[in-house]
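Peer 1: Got a structure here, written out as structure tokens. Questions coming.
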Amino acid sequence: MFAKQFAQRDESVLMAMKLLFWVCKENVALEKWNSLKGLVENLGIEEISRLNLSRNASYCSHTARDSMLAALYSVIQDDTRDLVANATFSCIMGDESTDVANIGQLVLHFRCVKDGVVQTRFGGVTAVGEKNAPAIQ
């Protein structure tokens with residue numbers, strides 16, 4: 001009996017992770033997470049409904065969402081690390097931009113050739129104070 005409940009809970013968390021991945025991939029604002037989860041529940045998807053353990057435990061909090069995002073990022077980061085480590089050729093591409101708050105940011109991507117296929121992966125975004133080479137080292 002407990003094994004079935006744990007399996008159902010695992011399916012529910014996996015469904016939530018898939019939804020969150022879609023939100024990120026489609027560049028939907030994370031503030032829409034609760035609304036999307038509610039829509040899926042209203043459509044009768046049991047896996048998501050099982051996440052509502054109580055009023056305070058429904059995987060709708062910023063903490064739950066951020067934890068799921070961290071887990072997704074960890075998998076993507078490991079995949080990128082493996083790609084770069086096993087690539088025939090690789091390089092780092094960087095581009096600086098300034099956002100609306102006038103904060104300079106450096107965006108990094110990795111471009112690799114593995115098995116004759118060129119692949120580009122997101123590396124990260126970091127704030128930079130000054131816009132010169134020593135500042136981004």
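Residues in the structure tokens are named by chain (A, B, ... in the order shown) and by number from 1 within that chain; ligands are numbered from 1 in the order shown.
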Mind listing the helix (DSSP H, G or I) residues of chain A, per DSSP on the backbone, as an MDAnalysis selection string?

Peer 2: chainID A and resid 2:25 30:42 46:49 62:86 133:136

Peer 1: Report, in Å to a single decimal, how far apart CA of Leu108 (chain A) and CA of Met93 (chain A) are.

Peer 2: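 It comes out at 5.7 Å.
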
Peer 1: Nearest to Ala70 (chain A) among A:Met17, A:Asp10, A:Asn102, A:Gly123, with distances taken over only C-alpha atoms: which residue is it?

Peer 2: A:Met17

Peer 1: Output as a PyMOL selection string all residues of region 88-128 of chain A that backbone DSSP marks as strand (DSSP E or B).

Peer 2: chain A and resi 89-98+104-114+117-128

Peer 1: To one decimal in Å, tell me the separation between CA of Tyr73 (chain A) and CA of Val118 (chain A).

Peer 2: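 If I compute the distance from CA of Tyr73 (chain A) to CA of Val118 (chain A), I get 21.8 Å.
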
Peer 1: Measure the distance from CA of Phe110 (chain A) to CA of Cys91 (chain A) in Å and round it to one decimal.

Peer 2: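 These atoms are spaced 5.9 Å apart.
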
Peer 1: Of the candidates A:Val128, A:Thr80, A:Ala87, A:Lys37, which one gets nearest to Ile103 (chain A) if we count only C-alpha atoms?

Peer 2: A:Val128

Peer 1: Mind checking which residues fall within 8 Å of Gly94 (chain A), counting only C-alpha atoms, ignoring those fewer than 6 positions away in the same chain, and posting them as an NGL selection string?

Peer 2: :A and (106-109)

Peer 1: Would you please work out which residue, of A:Pro134, A:Ser12, A:Leu20, A:Gln119, is nearest to Met68 (chain A) when using only C-alpha atoms?

Peer 2: A:Leu20

Peer 1: Tell me which of A:Val113, A:Val13, A:Ser97, A:Glu31 sits closest to Ala127 (chain A), counting only C-alpha atoms.

Peer 2: A:Ser97

Peer 1: A:Ile45, A:Phe122, A:Leu39, A:Ile76: which is nearest Glu11 (chain A), counting only C-alpha atoms?

Peer 2: A:Ile45
